[in-house]
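Asker: So I've got this file, run.pdb, and it contains PDB, C-alpha atoms and all ligand atoms:
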ATOM      1  CA  MET A 993      79.750  13.609-181.757  1.00  0.00           C
ATOM      2  CA  LEU A 994      80.364  10.278-180.002  1.00  0.00           C
ATOM      3  CA  PRO A 995      77.282   8.618-178.454  1.00  0.00           C
ATOM      4  CA  LEU A 996      77.265   8.666-174.651  1.00  0.00           C
ATOM      5  CA  SER A 997      76.791   4.935-174.413  1.00  0.00           C
ATOM      6  CA  VAL A 998      77.120   2.010-176.821  1.00  0.00           C
ATOM      7  CA  GLU A 999      75.900  -1.548-176.546  1.00  0.00           C
ATOM      8  CA  CYS A1000      78.132  -4.614-176.801  1.00  0.00           C
ATOM      9  CA  VAL A1001      77.935  -6.245-180.252  1.00  0.00           C
ATOM     10  CA  ASN A1002      78.267  -9.807-178.927  1.00  0.00           C
ATOM     11  CA  ASP A1003      75.110 -11.943-178.940  1.00  0.00           C
ATOM     12  CA  GLY A1004      73.824 -12.531-175.427  1.00  0.00           C
ATOM     13  CA  CYS A1005      75.624  -9.542-173.920  1.00  0.00           C
ATOM     14  CA  SER A1006      73.600  -6.471-173.013  1.00  0.00           C
ATOM     15  CA  ALA A1007      76.456  -4.467-171.494  1.00  0.00           C
ATOM     16  CA  ARG A1008      76.478  -0.745-172.216  1.00  0.00           C
ATOM     17  CA  PHE A1009      79.550   1.415-171.849  1.00  0.00           C
ATOM     18  CA  THR A1010      81.063   4.629-173.055  1.00  0.00           C
ATOM     19  CA  PRO A1011      82.917   4.440-176.381  1.00  0.00           C
ATOM     20  CA  LEU A1012      86.204   4.920-174.538  1.00  0.00           C
ATOM     21  CA  LEU A1013      85.629   1.655-172.654  1.00  0.00           C
ATOM     22  CA  SER A1014      84.661  -0.269-175.796  1.00  0.00           C
ATOM     23  CA  ARG A1015      88.077  -1.844-176.311  1.00  0.00           C
ATOM     24  CA  TYR A1016      88.336  -2.784-172.643  1.00  0.00           C
ATOM     25  CA  HIS A1017      84.914  -4.419-172.660  1.00  0.00           C
ATOM     26  CA  THR A1018      85.771  -6.397-175.816  1.00  0.00           C
ATOM     27  CA  SER A1019      88.818  -7.805-174.008  1.00  0.00           C
ATOM     28  CA  VAL A1020      86.739  -9.086-171.094  1.00  0.00           C
ATOM     29  CA  CYS A1021      83.235  -9.637-172.551  1.00  0.00           C
ATOM     30  CA  PRO A1022      82.014 -13.052-171.385  1.00  0.00           C
ATOM     31  CA  GLN A1023      80.083 -13.508-174.645  1.00  0.00           C
ATOM     32  CA  SER A1024      82.977 -12.830-177.019  1.00  0.00           C
ATOM     33  CA  LEU A1025      83.995 -15.758-179.243  1.00  0.00           C
ATOM     34  CA  HIS A1026      87.425 -17.342-178.958  1.00  0.00           C
ATOM     35  CA  SER A1027      89.258 -20.292-180.432  1.00  0.00           C
ATOM     36  CA  CYS A1028      89.966 -23.068-177.961  1.00  0.00           C
ATOM     37  CA  LEU A1029      93.257 -22.649-176.113  1.00  0.00           C
ATOM     38  CA  TYR A1030      94.369 -25.831-177.921  1.00  0.00           C
ATOM     39  CA  HIS A1031      93.560 -24.411-181.348  1.00  0.00           C
ATOM     40  CA  SER A1032      97.222 -24.324-182.379  1.00  0.00           C
ATOM     41  CA  VAL A1033      97.502 -28.081-181.858  1.00  0.00           C
ATOM     42  CA  GLY A1034      94.313 -28.914-183.724  1.00  0.00           C
ATOM     43  CA  CYS A1035      91.170 -28.223-181.682  1.00  0.00           C
ATOM     44  CA  PRO A1036      88.673 -26.645-184.100  1.00  0.00           C
ATOM     45  CA  VAL A1037      86.224 -25.475-181.402  1.00  0.00           C
ATOM     46  CA  THR A1038      85.219 -21.824-181.006  1.00  0.00           C
ATOM     47  CA  VAL A1039      83.479 -20.937-177.745  1.00  0.00           C
ATOM     48  CA  ARG A1040      82.301 -17.900-175.825  1.00  0.00           C
ATOM     49  CA  ARG A1041      84.717 -16.739-173.151  1.00  0.00           C
ATOM     50  CA  VAL A1042      82.221 -17.766-170.456  1.00  0.00           C
ATOM     51  CA  GLU A1043      82.153 -21.343-171.841  1.00  0.00           C
ATOM     52  CA  MET A1044      85.906 -21.742-172.328  1.00  0.00           C
ATOM     53  CA  GLU A1045      86.593 -23.272-168.925  1.00  0.00           C
ATOM     54  CA  SER A1046      83.961 -25.990-169.335  1.00  0.00           C
ATOM     55  CA  HIS A1047      85.164 -26.702-172.877  1.00  0.00           C
ATOM     56  CA  ILE A1048      88.770 -27.060-171.687  1.00  0.00           C
ATOM     57  CA  VAL A1049      87.659 -29.648-169.110  1.00  0.00           C
ATOM     58  CA  SER A1050      86.286 -31.838-171.908  1.00  0.00           C
ATOM     59  CA  CYS A1051      88.606 -30.771-174.759  1.00  0.00           C
ATOM     60  CA  PRO A1052      90.155 -33.934-176.294  1.00  0.00           C
ATOM     61  CA  TYR A1053      93.357 -32.010-176.994  1.00  0.00           C
ATOM     62  CA  LYS A1054      93.701 -31.146-173.302  1.00  0.00           C
ATOM     63  CA  LYS A1055      93.464 -34.863-172.528  1.00  0.00           C
ATOM     64  CA  ILE A1056      96.421 -35.733-174.782  1.00  0.00           C
ATOM     65  CA  GLU A1057      98.511 -32.718-173.745  1.00  0.00           C
ATOM     66  CA  GLY A1058     101.092 -34.997-172.132  1.00  0.00           C
ATOM     67  CA  LEU A1059     101.686 -36.667-175.496  1.00  0.00           C
ATOM     68  CA  PHE A1060     102.440 -33.427-177.368  1.00  0.00           C
ATOM     69  CA  PRO A1061     106.233 -33.659-176.995  1.00  0.00           C
ATOM     70  CA  HIS A1062     106.099 -37.257-178.245  1.00  0.00           C
ATOM     71  CA  ILE A1063     103.907 -36.261-181.208  1.00  0.00           C
ATOM     72  CA  PHE A1064     105.142 -32.849-182.260  1.00  0.00           C
ATOM     73  CA  ARG A1065     108.881 -33.378-181.861  1.00  0.00           C
ATOM     74  CA  PRO A1066     108.937 -36.337-184.310  1.00  0.00           C
ATOM     75  CA  ILE A1067     106.623 -34.409-186.674  1.00  0.00           C
ATOM     76  CA  LYS A1068     108.991 -31.433-186.591  1.00  0.00           C
ATOM     77  CA  GLN A1069     111.954 -33.746-187.228  1.00  0.00           C
ATOM     78  CA  LEU A1070     110.113 -35.368-190.151  1.00  0.00           C
ATOM     79  CA  GLN A1071     109.208 -31.978-191.622  1.00  0.00           C
ATOM     80  CA  THR A1072     112.839 -30.903-191.397  1.00  0.00           C
ATOM     81  CA  ALA A1073     113.976 -34.160-193.015  1.00  0.00           C
ATOM     82  CA  VAL A1074     111.389 -33.856-195.809  1.00  0.00           C
ATOM     83  CA  SER A1075     112.350 -30.283-196.618  1.00  0.00           C
ATOM     84  CA  THR A1076     116.044 -31.250-196.630  1.00  0.00           C
ATOM     85  CA  VAL A1077     115.324 -34.080-199.095  1.00  0.00           C
ATOM     86  CA  GLU A1078     113.117 -31.801-201.217  1.00  0.00           C
ATOM     87  CA  ARG A1079     115.853 -29.156-201.357  1.00  0.00           C
ATOM     88  CA  ARG A1080     118.506 -31.766-202.232  1.00  0.00           C
ATOM     89  CA  HIS A1081     116.308 -33.258-204.963  1.00  0.00           C
ATOM     90  CA  TRP A1082     115.555 -29.835-206.357  1.00  0.00           C
ATOM     91  CA  PHE A1083     119.279 -29.122-206.692  1.00  0.00           C
ATOM     92  CA  MET A1084     119.931 -32.593-208.136  1.00  0.00           C
ATOM     93  CA  LEU A1085     117.131 -32.153-210.697  1.00  0.00           C
ATOM     94  CA  SER A1086     118.369 -28.682-211.582  1.00  0.00           C
ATOM     95  CA  ASP A1087     121.870 -30.066-212.143  1.00  0.00           C
ATOM     96  CA  LEU A1088     120.494 -32.969-214.153  1.00  0.00           C
ATOM     97  CA  ARG A1089     118.368 -30.690-216.314  1.00  0.00           C
ATOM     98  CA  ARG A1090     121.296 -28.320-216.887  1.00  0.00           C
ATOM     99  CA  ASN A1091     123.621 -31.220-217.828  1.00  0.00           C
ATOM    100  CA  LEU A1092     121.023 -32.750-220.140  1.00  0.00           C
ATOM    101  CA  GLN A1093     120.474 -29.397-221.830  1.00  0.00           C
ATOM    102  CA  ILE A1094     124.239 -29.059-222.348  1.00  0.00           C
ATOM    103  CA  GLN A1095     124.350 -32.550-223.911  1.00  0.00           C
ATOM    104  CA  ILE A1096     121.331 -31.759-226.116  1.00  0.00           C
ATOM    105  CA  ASP A1097     122.947 -28.535-227.255  1.00  0.00           C
ATOM    106  CA  GLN A1098     126.236 -30.354-227.974  1.00  0.00           C
ATOM    107  CA  LEU A1099     124.422 -33.063-229.949  1.00  0.00           C
ATOM    108  CA  ARG A1100     122.430 -30.478-231.884  1.00  0.00           C
ATOM    109  CA  SER A1101     125.589 -28.621-232.736  1.00  0.00           C
ATOM    110  CA  VAL A1102     127.022 -31.674-234.544  1.00  0.00           C
ATOM    111  CA  ILE A1103     123.867 -32.430-236.557  1.00  0.00           C
ATOM    112  CA  PRO A1104     124.157 -31.036-240.086  1.00  0.00           C
ATOM    113  CA  PRO A1105     121.543 -28.269-240.458  1.00  0.00           C
ATOM    114  CA  HIS A1106     119.823 -29.978-243.435  1.00  0.00           C
ATOM    115  CA  LEU A1107     119.074 -33.003-241.208  1.00  0.00           C
ATOM    116  CA  VAL A1108     117.651 -31.052-238.248  1.00  0.00           C
ATOM    117  CA  ALA A1109     114.200 -30.573-239.804  1.00  0.00           C
ATOM    118  CA  GLN A1110     113.967 -34.272-240.747  1.00  0.00           C
ATOM    119  CA  ASN A1111     115.028 -35.279-237.252  1.00  0.00           C
ATOM    120  CA  ASP A1112     112.390 -33.044-235.702  1.00  0.00           C
ATOM    121  CA  GLU A1113     109.729 -34.605-237.949  1.00  0.00           C
ATOM    122  CA  ALA A1114     110.958 -38.076-237.033  1.00  0.00           C
ATOM    123  CA  ALA A1115     110.876 -37.129-233.357  1.00  0.00           C
ATOM    124  CA  ALA A1116     107.347 -35.825-233.737  1.00  0.00           C
ATOM    125  CA  ALA A1117     106.270 -39.046-235.476  1.00  0.00           C
ATOM    126  CA  THR A1118     107.893 -41.124-232.720  1.00  0.00           C
ATOM    127  CA  THR A1119     106.085 -39.093-230.052  1.00  0.00           C
ATOM    128  CA  GLN A1120     102.766 -39.610-231.820  1.00  0.00           C
ATOM    129  CA  ASN A1121     103.407 -43.356-232.049  1.00  0.00           C
ATOM    130  CA  GLU A1122     104.282 -43.466-228.349  1.00  0.00           C
ATOM    131  CA  GLU A1123     101.089 -41.600-227.477  1.00  0.00           C
ATOM    132  CA  ARG A1124      99.006 -43.969-229.618  1.00  0.00           C
ATOM    133  CA  HIS A1125     100.752 -46.918-227.963  1.00  0.00           C
ATOM    134  CA  GLN A1126      99.970 -45.518-224.492  1.00  0.00           C
ATOM    135  CA  VAL A1127      96.294 -45.080-225.380  1.00  0.00           C
ATOM    136  CA  THR A1128      95.942 -48.651-226.673  1.00  0.00           C
ATOM    137  CA  THR A1129      97.771 -50.153-223.692  1.00  0.00           C
ATOM    138  CA  ALA A1130      96.013 -48.031-221.071  1.00  0.00           C
ATOM    139  CA  GLN A1131      94.680 -50.143-218.246  1.00  0.00           C
ATOM    140  CA  PRO A1132      90.985 -50.037-217.350  1.00  0.00           C
ATOM    141  CA  GLY A1133      91.904 -48.998-213.812  1.00  0.00           C
ATOM    142  CA  ASN A1134      93.606 -45.876-215.123  1.00  0.00           C
ATOM    143  CA  LYS A1135      90.440 -44.814-216.928  1.00  0.00           C
ATOM    144  CA  CYS A1136      88.531 -45.018-213.661  1.00  0.00           C
ATOM    145  CA  LEU A1137      91.061 -42.713-212.024  1.00  0.00           C
ATOM    146  CA  GLU A1138      90.807 -40.223-214.872  1.00  0.00           C
ATOM    147  CA  SER A1139      87.012 -40.007-214.933  1.00  0.00           C
TER     148      SER A1139
HETATM  149 ZN    ZN B   1      79.850  -7.825-174.108  1.00  0.00          ZN
HETATM  150 ZN    ZN B   2      89.386 -27.558-177.475  1.00  0.00          ZN
END
The structure given in the file should be rewritten as structure tokens.
Answerer:
Amino acid sequence: MLPLSVECVNDGCSARFTPLLSRYHTSVCPQSLHSCLYHSVGCPVTVRRVEMESHIVSCPYKKIEGLFPHIFRPIKQLQTAVSTVERRHWFMLSDLRRNLQIQIDQLRSVIPPHLVAQNDEAAAATTQNEERHQVTTAQPGNKCLES
């Protein structure tokens, strides 16, 4: 059986109401917590409904509201430009990788099979030499970044 009256769960609110009015009270409770009205543009503040008005008066995001079109429009344009470039580069890199793989496959196909193993060993030796070279020529600044 439903209780005849329930108490508001918000700190500082002692309102009692029937369970049927619970949802209504939650939507108007002065002590319920809410993100600042300027949350979507960056204000991190959470306040009780009763304090919202006084927060808005001093909210730094309210003060720069007039600048939003000048800030967010260029940001949106930059985001669009960046994603266009990223997409283009992704396709270019995919094409490049595909073409390189085709060339590698063509080159492999002309190498006599008895030389393939030797070539792989030579490639492995070259890689090891390159790695050793990189270690010996590593700059002190790089070590700081790695640690
Ligand atoms: Zn309440
Ligand atoms: Zn705010």
Asker: Determine the residue membership of the PyMOL selection byres (((not hetatm)) within 10 of (chain B and resi 2)) for the file above and supply it as a VMD selection string.
Answerer: chain A and resid 1027 to 1039 1044 to 1055
Asker: Could you work out how far CA of Val1001 in chain A lies from CA of Val1042 in chain A, giving the answer in Å with one decimal?
Answerer: 15.7 Å
Asker: Quick one: which chain A residues come within 6 Å of ligand ZN 1 (chain B), and what is the nearest atom pair for each with the distance in Å to one decimal, counting all atoms listed in the file, rows ordered by chain and ascending number, as JSON lines?
Answerer:
{"residue": "A:Cys1000", "atom": "CA", "partner": "B:ZN1", "partner_atom": "ZN", "distance": 4.5}
{"residue": "A:Asn1002", "atom": "CA", "partner": "B:ZN1", "partner_atom": "ZN", "distance": 5.4}
{"residue": "A:Cys1005", "atom": "CA", "partner": "B:ZN1", "partner_atom": "ZN", "distance": 4.6}
{"residue": "A:Ala1007", "atom": "CA", "partner": "B:ZN1", "partner_atom": "ZN", "distance": 5.4}
{"residue": "A:Cys1021", "atom": "CA", "partner": "B:ZN1", "partner_atom": "ZN", "distance": 4.1}
{"residue": "A:Gln1023", "atom": "CA", "partner": "B:ZN1", "partner_atom": "ZN", "distance": 5.7}
Asker: One decimal, in Å: what's the spacing between CA of His1026 in chain A and CA of Leu996 in chain A?
Answerer: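 The value is 28.3 Å.
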Asker: What is the distance, in Å and to one decimal place, between CA of Glu999 in chain A and CA of Pro1022 in chain A?
Answerer: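 We find that CA of Glu999 in chain A and CA of Pro1022 in chain A lie 14.0 Å from each other.
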Asker: When you get a chance, write out N, CA and C atoms for range 1053-1083 of chain A, as an mmCIF file, in the frame of the given file.
Answerer:
data_model
loop_
_atom_site.group_PDB
_atom_site.id
_atom_site.type_symbol
_atom_site.label_atom_id
_atom_site.label_comp_id
_atom_site.auth_asym_id
_atom_site.auth_seq_id
_atom_site.Cartn_x
_atom_site.Cartn_y
_atom_site.Cartn_z
ATOM 1 N N TYR A 1053 91.943 -32.385 -176.844
ATOM 2 C CA TYR A 1053 93.357 -32.010 -176.994
ATOM 3 C C TYR A 1053 94.007 -31.762 -175.639
ATOM 4 N N LYS A 1054 93.198 -31.301 -174.666
ATOM 5 C CA LYS A 1054 93.701 -31.146 -173.302
ATOM 6 C C LYS A 1054 94.079 -32.520 -172.731
ATOM 7 N N LYS A 1055 93.239 -33.525 -173.077
ATOM 8 C CA LYS A 1055 93.464 -34.863 -172.528
ATOM 9 C C LYS A 1055 94.762 -35.499 -173.027
ATOM 10 N N ILE A 1056 95.194 -35.130 -174.237
ATOM 11 C CA ILE A 1056 96.421 -35.733 -174.782
ATOM 12 C C ILE A 1056 97.616 -34.777 -174.686
ATOM 13 N N GLU A 1057 97.459 -33.730 -173.873
ATOM 14 C CA GLU A 1057 98.511 -32.718 -173.745
ATOM 15 C C GLU A 1057 99.866 -33.339 -173.410
ATOM 16 N N GLY A 1058 99.847 -34.363 -172.539
ATOM 17 C CA GLY A 1058 101.092 -34.997 -172.132
ATOM 18 C C GLY A 1058 101.822 -35.682 -173.280
ATOM 19 N N LEU A 1059 101.073 -35.976 -174.352
ATOM 20 C CA LEU A 1059 101.686 -36.667 -175.496
ATOM 21 C C LEU A 1059 102.295 -35.695 -176.514
ATOM 22 N N PHE A 1060 101.991 -34.394 -176.356
ATOM 23 C CA PHE A 1060 102.440 -33.427 -177.368
ATOM 24 C C PHE A 1060 103.927 -33.514 -177.690
ATOM 25 N N PRO A 1061 104.805 -33.574 -176.653
ATOM 26 C CA PRO A 1061 106.233 -33.659 -176.995
ATOM 27 C C PRO A 1061 106.554 -34.901 -177.823
ATOM 28 N N HIS A 1062 105.834 -36.002 -177.527
ATOM 29 C CA HIS A 1062 106.099 -37.257 -178.245
ATOM 30 C C HIS A 1062 105.519 -37.230 -179.650
ATOM 31 N N ILE A 1063 104.525 -36.354 -179.883
ATOM 32 C CA ILE A 1063 103.907 -36.261 -181.208
ATOM 33 C C ILE A 1063 104.587 -35.185 -182.037
ATOM 34 N N PHE A 1064 104.719 -33.993 -181.445
ATOM 35 C CA PHE A 1064 105.142 -32.849 -182.260
ATOM 36 C C PHE A 1064 106.643 -32.815 -182.525
ATOM 37 N N ARG A 1065 107.438 -33.362 -181.607
ATOM 38 C CA ARG A 1065 108.881 -33.378 -181.861
ATOM 39 C C ARG A 1065 109.204 -34.264 -183.076
ATOM 40 N N PRO A 1066 108.678 -35.518 -183.111
ATOM 41 C CA PRO A 1066 108.937 -36.337 -184.310
ATOM 42 C C PRO A 1066 108.372 -35.710 -185.578
ATOM 43 N N ILE A 1067 107.186 -35.052 -185.481
ATOM 44 C CA ILE A 1067 106.623 -34.409 -186.674
ATOM 45 C C ILE A 1067 107.563 -33.318 -187.169
ATOM 46 N N LYS A 1068 108.069 -32.520 -186.226
ATOM 47 C CA LYS A 1068 108.991 -31.433 -186.591
ATOM 48 C C LYS A 1068 110.243 -32.020 -187.251
ATOM 49 N N GLN A 1069 110.748 -33.120 -186.666
ATOM 50 C CA GLN A 1069 111.954 -33.746 -187.228
ATOM 51 C C GLN A 1069 111.668 -34.269 -188.641
ATOM 52 N N LEU A 1070 110.472 -34.867 -188.822
ATOM 53 C CA LEU A 1070 110.113 -35.368 -190.151
ATOM 54 C C LEU A 1070 109.980 -34.230 -191.155
ATOM 55 N N GLN A 1071 109.353 -33.125 -190.724
ATOM 56 C CA GLN A 1071 109.208 -31.978 -191.622
ATOM 57 C C GLN A 1071 110.573 -31.444 -192.047
ATOM 58 N N THR A 1072 111.488 -31.381 -191.083
ATOM 59 C CA THR A 1072 112.839 -30.903 -191.397
ATOM 60 C C THR A 1072 113.510 -31.858 -192.387
ATOM 61 N N ALA A 1073 113.362 -33.164 -192.129
ATOM 62 C CA ALA A 1073 113.976 -34.160 -193.015
ATOM 63 C C ALA A 1073 113.377 -34.065 -194.426
ATOM 64 N N VAL A 1074 112.045 -33.931 -194.502
ATOM 65 C CA VAL A 1074 111.389 -33.856 -195.809
ATOM 66 C C VAL A 1074 111.863 -32.623 -196.571
ATOM 67 N N SER A 1075 111.938 -31.481 -195.886
ATOM 68 C CA SER A 1075 112.350 -30.283 -196.618
ATOM 69 C C SER A 1075 113.808 -30.364 -197.035
ATOM 70 N N THR A 1076 114.649 -31.053 -196.234
ATOM 71 C CA THR A 1076 116.044 -31.250 -196.630
ATOM 72 C C THR A 1076 116.120 -32.096 -197.898
ATOM 73 N N VAL A 1077 115.341 -33.195 -197.920
ATOM 74 C CA VAL A 1077 115.324 -34.080 -199.095
ATOM 75 C C VAL A 1077 114.786 -33.333 -200.315
ATOM 76 N N GLU A 1078 113.692 -32.567 -200.100
ATOM 77 C CA GLU A 1078 113.117 -31.801 -201.217
ATOM 78 C C GLU A 1078 114.137 -30.830 -201.799
ATOM 79 N N ARG A 1079 114.857 -30.124 -200.904
ATOM 80 C CA ARG A 1079 115.853 -29.156 -201.357
ATOM 81 C C ARG A 1079 116.967 -29.870 -202.137
ATOM 82 N N ARG A 1080 117.420 -31.012 -201.584
ATOM 83 C CA ARG A 1080 118.506 -31.766 -202.232
ATOM 84 C C ARG A 1080 118.063 -32.250 -203.614
ATOM 85 N N HIS A 1081 116.815 -32.781 -203.673
ATOM 86 C CA HIS A 1081 116.308 -33.258 -204.963
ATOM 87 C C HIS A 1081 116.149 -32.129 -205.957
ATOM 88 N N TRP A 1082 115.725 -30.981 -205.460
ATOM 89 C CA TRP A 1082 115.555 -29.835 -206.357
ATOM 90 C C TRP A 1082 116.895 -29.480 -206.990
ATOM 91 N N PHE A 1083 117.957 -29.452 -206.151
ATOM 92 C CA PHE A 1083 119.279 -29.122 -206.692
ATOM 93 C C PHE A 1083 119.757 -30.207 -207.648
#
